[in-house]
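Beneath this line is the structure, given in C-alpha cells, with notes to follow.
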Amino acid sequence: MMKDIINNNIKDAWTLPSEYYTDESIFVKIKAIINEMWHFSAHENQLSEYKIIPINHSEGMMGESIILTRDGVINALSNVCTHRGMIINENSSNKNVLKCGYHGRTFDLKGRMKNMPEFEGISNFPDSSDDLVKFSIERWNGILFTSIKKKEAPTWIKELEERLSWMSIENFKYDPTYHRSYDIKANWALYVDNYLEGFHIPYVHSDLHNVLDYEGYETELFEGGVLQIGIAKDGELSFDLPPESKDYGKKIAAYYYWIFPGLMMNFYPWGLSVNLVIPISVNSTQIVYQRYVSNEDMIGKGAGGDLDKVEQEDQGIVEAVQRGVSSLSYHRGRYSATMEKGVHHFHKMLTRI
C-alpha cells in the first residue's frame, strides 16, 4: 500500500488515487488483508429456530465457507469437510450432527469428527486435523461477528456500546423476506465512499432529503469506523430516546454506522438494516442487505422508508463513478472539509493497512 499519501489535514488533502479503484494488484493485496478482519455474520435470532446456519456471504467476504452452530454455545466453524474438501451444509438445519453428503463423514456441533465410513485400520486416525476448523466469534447485543485470524475483540465494539447500549438490539427479529443481493460494476471502495457522506443526498436521494435535516447532519470518527447521524425534519419519524442516551433531546432519524472495511449497520426506529459490501474483483462488488425488526408498525416510514429506492439510486451513481475514475483524465480530487470527513477517514485507514 502507498502509506501516508492521504494528508491528515483534510483541508490540505487529496482524495484516494484512482489506481485504488482500478489496479488489480492493489485490489488483490487489500482483499487478502480484508479477509482476515472481523466481519458481521448474523444475529442470534437467526439461530433461535435452527441449530445450524450457513453464513452465505462469508466465502466472498473472508474467503472461507463458515457455519454457525448452536450447542449450548454458538460456534463459528469451517463448513468444509476435512476429508476431501466438500461443502457440508448449504442450508439451515435443526440436526444434531453435521454430515458431509459426499462420503458420510460426520461431526458434532462443536466441530469434532465423530464417524467416518470405510476408514478402519488407517494409521493415526482420527486426530485433531480431522476436526473442523474453529474461528473466532464475538457477540455484541445479539449481533455475531467472526474472524478467521483475529483473536482479540474489535476495538469498535466499545463505540457501539457507548452509543447504543440503551437499544434492545438482542430482541430484534430477523426478517428473511427482506434479504437482498446485488452485483454492481464498481470497486467496493467506491461504494463505501458514497456511503460515508451525506453530501450527495440533496442531489441523488430526493425522498430521503425530504425527511432529513441536511444542515443538521452529523459525522463522528472513531477507531475502526465512522458514525453518521441523520437528524429528522420537524414532523418526521425519529427515535424516542431515553434519558440515558448520549443523544437525548435530539430528533434522530437514523444512526448510520460504517465499520472498516465493508460493514454498514443502519439503525432506524423500526430496527436495523445491515449492508455488507463484498469485494469480488477490482471492478465488481456484491452488496447484501439483511433486515432485523423491532417495530413492524414503523417499517416504510422516515429515513428508513424506501431503502430499495435509495439503493438503486446509489448503485447508479457508484457505477458511473467507476467509469469516471477509470478514465485517463482523472487521478484524484479534493475533499469537502465539512461533508467528507468520513471519506477522508476511510481513505487514511485504507492506505495504511
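Identifiers for the C-alpha cells are assigned positionally: chains receive A, B, ... in sequence, residues are indexed from 1 per chain, and ligands are indexed from 1 in the order shown.
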
List every residue of region 171-304 of chain A that DSSP, applied to the backbone of this structure, places in alpha helix (DSSP H), and write the result as a VMD selection string. chain A and resid 188 to 195 201 to 204 206 to 211

Residues at most 7 Å from Ile231 (chain A), counting only C-alpha atoms, excluding those fewer than 3 positions away in the same chain, as a PDB file with C-alpha atoms, in the first residue's frame?
ATOM      1  CA  LEU A 212     -33.659  14.572   6.843  1.00  0.00           C
ATOM      2  CA  ASP A 213     -32.378  17.949   8.044  1.00  0.00           C
ATOM      3  CA  GLY A 216     -28.116  19.111  10.950  1.00  0.00           C
ATOM      4  CA  TYR A 217     -26.331  16.056   9.507  1.00  0.00           C
ATOM      5  CA  LYS A 251     -34.545  14.254  16.801  1.00  0.00           C
ATOM      6  CA  ILE A 252     -32.527  11.411  15.358  1.00  0.00           C
ATOM      7  CA  ALA A 253     -33.938   9.692  12.293  1.00  0.00           C
TER       8      ALA A 253
END

Which is closest to Glu19 (chain A) among A:Val288, A:Ala320, A:Leu190, A:Cys100, if we use only C-alpha atoms? A:Leu190

May I ask which of the residues A:Asn275, A:Pro17, A:Gly224, A:Pro269 is the closest one to Glu236 (chain A), counting only C-alpha atoms? A:Pro269

Hey, what does DSSP flag as strand (DSSP E or B) within region 184-306 of chain A? Can you give it to me as a ChimeraX atom specification? /A:184,212,218-222,225-232,252-259,263-268,271-281,284-293

Write the selection just made, keeping C-alpha atoms, as an mmCIF file, in the first residue's frame?
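This is the output file result_5.cif:
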data_model
loop_
_atom_site.group_PDB
_atom_site.id
_atom_site.type_symbol
_atom_site.label_atom_id
_atom_site.label_comp_id
_atom_site.auth_asym_id
_atom_site.auth_seq_id
_atom_site.Cartn_x
_atom_site.Cartn_y
_atom_site.Cartn_z
ATOM 1 C CA ILE A 184 -22.653 -3.869 -9.117
ATOM 2 C CA LEU A 212 -33.659 14.572 6.843
ATOM 3 C CA GLU A 218 -23.511 14.933 11.821
ATOM 4 C CA THR A 219 -20.371 12.841 11.217
ATOM 5 C CA GLU A 220 -18.253 11.352 14.002
ATOM 6 C CA LEU A 221 -14.986 9.469 13.524
ATOM 7 C CA PHE A 222 -13.672 6.680 15.732
ATOM 8 C CA GLY A 225 -15.179 3.309 11.659
ATOM 9 C CA VAL A 226 -17.488 6.269 11.142
ATOM 10 C CA LEU A 227 -20.869 7.226 12.573
ATOM 11 C CA GLN A 228 -23.209 9.458 10.596
ATOM 12 C CA ILE A 229 -26.295 10.769 12.371
ATOM 13 C CA GLY A 230 -29.335 11.745 10.354
ATOM 14 C CA ILE A 231 -31.487 14.382 12.044
ATOM 15 C CA ALA A 232 -35.219 14.291 11.276
ATOM 16 C CA ILE A 252 -32.527 11.411 15.358
ATOM 17 C CA ALA A 253 -33.938 9.692 12.293
ATOM 18 C CA ALA A 254 -31.077 7.229 11.801
ATOM 19 C CA TYR A 255 -27.704 6.109 13.066
ATOM 20 C CA TYR A 256 -25.517 5.133 10.110
ATOM 21 C CA TYR A 257 -22.541 3.065 11.304
ATOM 22 C CA TRP A 258 -19.741 2.024 8.998
ATOM 23 C CA ILE A 259 -17.157 -0.451 10.299
ATOM 24 C CA LEU A 263 -19.956 -3.360 7.238
ATOM 25 C CA MET A 264 -22.809 -0.854 7.376
ATOM 26 C CA MET A 265 -25.294 -1.031 10.237
ATOM 27 C CA ASN A 266 -28.175 1.390 9.810
ATOM 28 C CA PHE A 267 -30.345 1.786 12.901
ATOM 29 C CA TYR A 268 -33.857 3.185 12.404
ATOM 30 C CA GLY A 271 -34.882 -1.743 13.699
ATOM 31 C CA LEU A 272 -31.637 -2.484 11.847
ATOM 32 C CA SER A 273 -30.639 -2.735 8.201
ATOM 33 C CA VAL A 274 -27.271 -4.433 7.636
ATOM 34 C CA ASN A 275 -25.429 -3.735 4.384
ATOM 35 C CA LEU A 276 -22.451 -5.929 3.532
ATOM 36 C CA VAL A 277 -20.002 -4.699 0.910
ATOM 37 C CA ILE A 278 -18.223 -7.746 -0.536
ATOM 38 C CA PRO A 279 -15.253 -7.185 -2.880
ATOM 39 C CA ILE A 280 -15.447 -9.613 -5.801
ATOM 40 C CA SER A 281 -12.921 -8.146 -8.236
ATOM 41 C CA SER A 284 -17.142 -5.844 -9.249
ATOM 42 C CA THR A 285 -18.840 -5.818 -5.840
ATOM 43 C CA GLN A 286 -21.648 -7.756 -4.210
ATOM 44 C CA ILE A 287 -23.979 -5.887 -1.854
ATOM 45 C CA VAL A 288 -26.005 -7.969 0.602
ATOM 46 C CA TYR A 289 -28.874 -6.445 2.608
ATOM 47 C CA GLN A 290 -30.426 -8.033 5.704
ATOM 48 C CA ARG A 291 -33.145 -6.631 7.970
ATOM 49 C CA TYR A 292 -33.745 -7.083 11.705
ATOM 50 C CA VAL A 293 -37.009 -5.670 13.034
#

Record the distance separating CA of Ile33 (chain A) and CA of Gly63 (chain A), expressed in Å with one decimal. 11.0 Å

Just want the 12 Å neighbourhood of Lys246 (chain A), counted on only C-alpha atoms, with same-chain residues fewer than 6 positions away dropped. Output as an NGL selection string. :A and (159-167 or 252)

Could you write those residues out with C-alpha atoms, as a short mmCIF file (atom, residue, chain, number, x, y, z; two decimals), in the first residue's frame?
data_model
loop_
_atom_site.label_atom_id
_atom_site.label_comp_id
_atom_site.auth_asym_id
_atom_site.auth_seq_id
_atom_site.Cartn_x
_atom_site.Cartn_y
_atom_site.Cartn_z
CA GLU A 159 -18.02 2.71 20.44
CA LEU A 160 -21.20 0.80 19.62
CA GLU A 161 -21.82 0.02 23.28
CA GLU A 162 -21.31 3.59 24.47
CA ARG A 163 -23.74 4.95 21.89
CA LEU A 164 -26.45 2.31 21.67
CA SER A 165 -26.43 0.39 24.96
CA TRP A 166 -30.00 1.62 25.60
CA MET A 167 -31.30 -0.11 22.45
CA ILE A 252 -32.53 11.41 15.36
#

Where does region 90-208 of chain A meet region 338-347 of chain A within 12 Å, residue by residue, with the nearest atom pair and distance in Å to one decimal for each, counting only C-alpha atoms, listed by chain and rising number, as a Markdown table?
| residue | atom | partner | partner_atom | distance |
| --- | --- | --- | --- | --- |
| A:Ala189 | CA | A:His347 | CA | 9.0 |
| A:Leu190 | CA | A:Val343 | CA | 9.9 |
| A:Tyr191 | CA | A:Val343 | CA | 10.8 |
| A:Val192 | CA | A:Val343 | CA | 8.0 |
| A:Asp193 | CA | A:Val343 | CA | 5.5 |
| A:Asn194 | CA | A:Val343 | CA | 8.1 |
| A:Tyr195 | CA | A:Val343 | CA | 8.6 |
| A:Leu196 | CA | A:Gly342 | CA | 5.2 |
| A:Glu197 | CA | A:Glu340 | CA | 5.6 |
| A:Gly198 | CA | A:Met339 | CA | 6.8 |
| A:Phe199 | CA | A:Met339 | CA | 5.6 |
| A:His200 | CA | A:Met339 | CA | 9.3 |
| A:Ile201 | CA | A:Met339 | CA | 11.0 |

Record the distance separating CA of His39 (chain A) and CA of Thr146 (chain A), expressed in Å with one decimal.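 Interatomic distance, CA of His39 (chain A) to CA of Thr146 (chain A): 5.5 Å.
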
Non-local contacts of region 305-308 of chain A (10 Å; only C-alpha atoms; under 4 positions in same chain excluded) as a ChimeraX atom specification: /A:178,180,207-208,211,268,270,273,289,298-301,312-314

Now that the selection is made, can you save its residues with N, CA and C atoms as a PDB file, in the first residue's frame?
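For reference, selection_37.pdb as written:
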ATOM      1  N   TYR A 178     -36.795  -9.767   3.593  1.00  0.00           N
ATOM      2  CA  TYR A 178     -36.064  -8.594   3.121  1.00  0.00           C
ATOM      3  C   TYR A 178     -34.575  -8.908   2.970  1.00  0.00           C
ATOM      4  N   ARG A 180     -31.663  -9.110   0.403  1.00  0.00           N
ATOM      5  CA  ARG A 180     -31.372  -8.618  -0.934  1.00  0.00           C
ATOM      6  C   ARG A 180     -29.909  -8.883  -1.270  1.00  0.00           C
ATOM      7  N   ASP A 207     -36.294  11.751  -1.951  1.00  0.00           N
ATOM      8  CA  ASP A 207     -37.218  11.317  -0.893  1.00  0.00           C
ATOM      9  C   ASP A 207     -36.538  11.360   0.472  1.00  0.00           C
ATOM     10  N   LEU A 208     -35.301  10.887   0.531  1.00  0.00           N
ATOM     11  CA  LEU A 208     -34.566  10.910   1.792  1.00  0.00           C
ATOM     12  C   LEU A 208     -34.293  12.347   2.225  1.00  0.00           C
ATOM     13  N   VAL A 211     -36.976  14.057   4.338  1.00  0.00           N
ATOM     14  CA  VAL A 211     -37.213  13.691   5.742  1.00  0.00           C
ATOM     15  C   VAL A 211     -36.027  14.010   6.646  1.00  0.00           C
ATOM     16  N   TYR A 268     -32.685   2.336  12.573  1.00  0.00           N
ATOM     17  CA  TYR A 268     -33.857   3.185  12.404  1.00  0.00           C
ATOM     18  C   TYR A 268     -34.840   2.902  13.536  1.00  0.00           C
ATOM     19  N   TRP A 270     -37.531   1.528  13.385  1.00  0.00           N
ATOM     20  CA  TRP A 270     -38.143   0.201  13.193  1.00  0.00           C
ATOM     21  C   TRP A 270     -37.166  -0.948  13.441  1.00  0.00           C
ATOM     22  N   SER A 273     -30.956  -2.261   9.541  1.00  0.00           N
ATOM     23  CA  SER A 273     -30.639  -2.735   8.201  1.00  0.00           C
ATOM     24  C   SER A 273     -29.134  -2.935   8.136  1.00  0.00           C
ATOM     25  N   TYR A 289     -28.040  -7.140   1.628  1.00  0.00           N
ATOM     26  CA  TYR A 289     -28.874  -6.445   2.608  1.00  0.00           C
ATOM     27  C   TYR A 289     -29.589  -7.477   3.482  1.00  0.00           C
ATOM     28  N   MET A 298     -43.481   0.626  12.170  1.00  0.00           N
ATOM     29  CA  MET A 298     -42.714   1.768  11.681  1.00  0.00           C
ATOM     30  C   MET A 298     -41.995   1.494  10.364  1.00  0.00           C
ATOM     31  N   ILE A 299     -42.071   0.265   9.863  1.00  0.00           N
ATOM     32  CA  ILE A 299     -41.425  -0.064   8.592  1.00  0.00           C
ATOM     33  C   ILE A 299     -42.047   0.755   7.463  1.00  0.00           C
ATOM     34  N   GLY A 300     -41.192   1.279   6.617  1.00  0.00           N
ATOM     35  CA  GLY A 300     -41.672   2.080   5.491  1.00  0.00           C
ATOM     36  C   GLY A 300     -41.802   3.554   5.795  1.00  0.00           C
ATOM     37  N   LYS A 301     -41.442   3.950   6.993  1.00  0.00           N
ATOM     38  CA  LYS A 301     -41.583   5.349   7.393  1.00  0.00           C
ATOM     39  C   LYS A 301     -40.216   5.980   7.660  1.00  0.00           C
ATOM     40  N   GLN A 312     -31.003   1.643  -5.303  1.00  0.00           N
ATOM     41  CA  GLN A 312     -30.914   1.746  -6.755  1.00  0.00           C
ATOM     42  C   GLN A 312     -30.304   3.077  -7.170  1.00  0.00           C
ATOM     43  N   GLU A 313     -30.650   4.131  -6.455  1.00  0.00           N
ATOM     44  CA  GLU A 313     -30.074   5.443  -6.751  1.00  0.00           C
ATOM     45  C   GLU A 313     -28.566   5.440  -6.492  1.00  0.00           C
ATOM     46  N   ASP A 314     -28.142   4.831  -5.391  1.00  0.00           N
ATOM     47  CA  ASP A 314     -26.722   4.763  -5.070  1.00  0.00           C
ATOM     48  C   ASP A 314     -25.959   3.924  -6.093  1.00  0.00           C
TER      49      ASP A 314
END

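Distance-wise, CA of Gly262 (chain A) and CA of Ala13 (chain A) end up 23.1 Å apart.
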
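For the choices A:Lys51, A:Lys158, A:Lys11, A:Lys134, the atom-to-atom distance to Val80 (chain A) is smallest for A:Lys134 when using only C-alpha atoms.
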
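Residue nearest Ser206 (chain A) within the list A:Lys309, A:Arg84, A:Lys110, A:Lys150: A:Lys309 [criterion: smallest interatomic distance, only C-alpha atoms].
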
Show which residues sit within 10 Å of Gln322 (chain A), as number ranges by chain. Count only C-alpha atoms, and ignore same-chain residues fewer than 4 positions away. A: 18, 21-22, 185-188, 190-191, 283-284, 317-318, 326-327

Can you work out which one of A:Tyr214, A:Tyr335, A:Tyr102, A:Phe239 has the shortest atom-to-atom distance to His83 (chain A), counting only C-alpha atoms?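 Of A:Tyr214, A:Tyr335, A:Tyr102, A:Phe239, the one nearest His83 (chain A) is A:Tyr102, counting only C-alpha atoms.
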
Extract, using only C-alpha atoms, all DNA, RNA and protein residues at most 10 Å from Lys95 (chain A), discarding same-chain residues fewer than 5 positions from it, and format them as a VMD selection string. chain A and resid 50 to 52 108 to 109

A:Asn124, A:Gly302, A:His205, A:Gly249: which is nearest Leu237 (chain A), counting only C-alpha atoms?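 Answer, going by the shortest atom-to-atom distance: A:Gly302.
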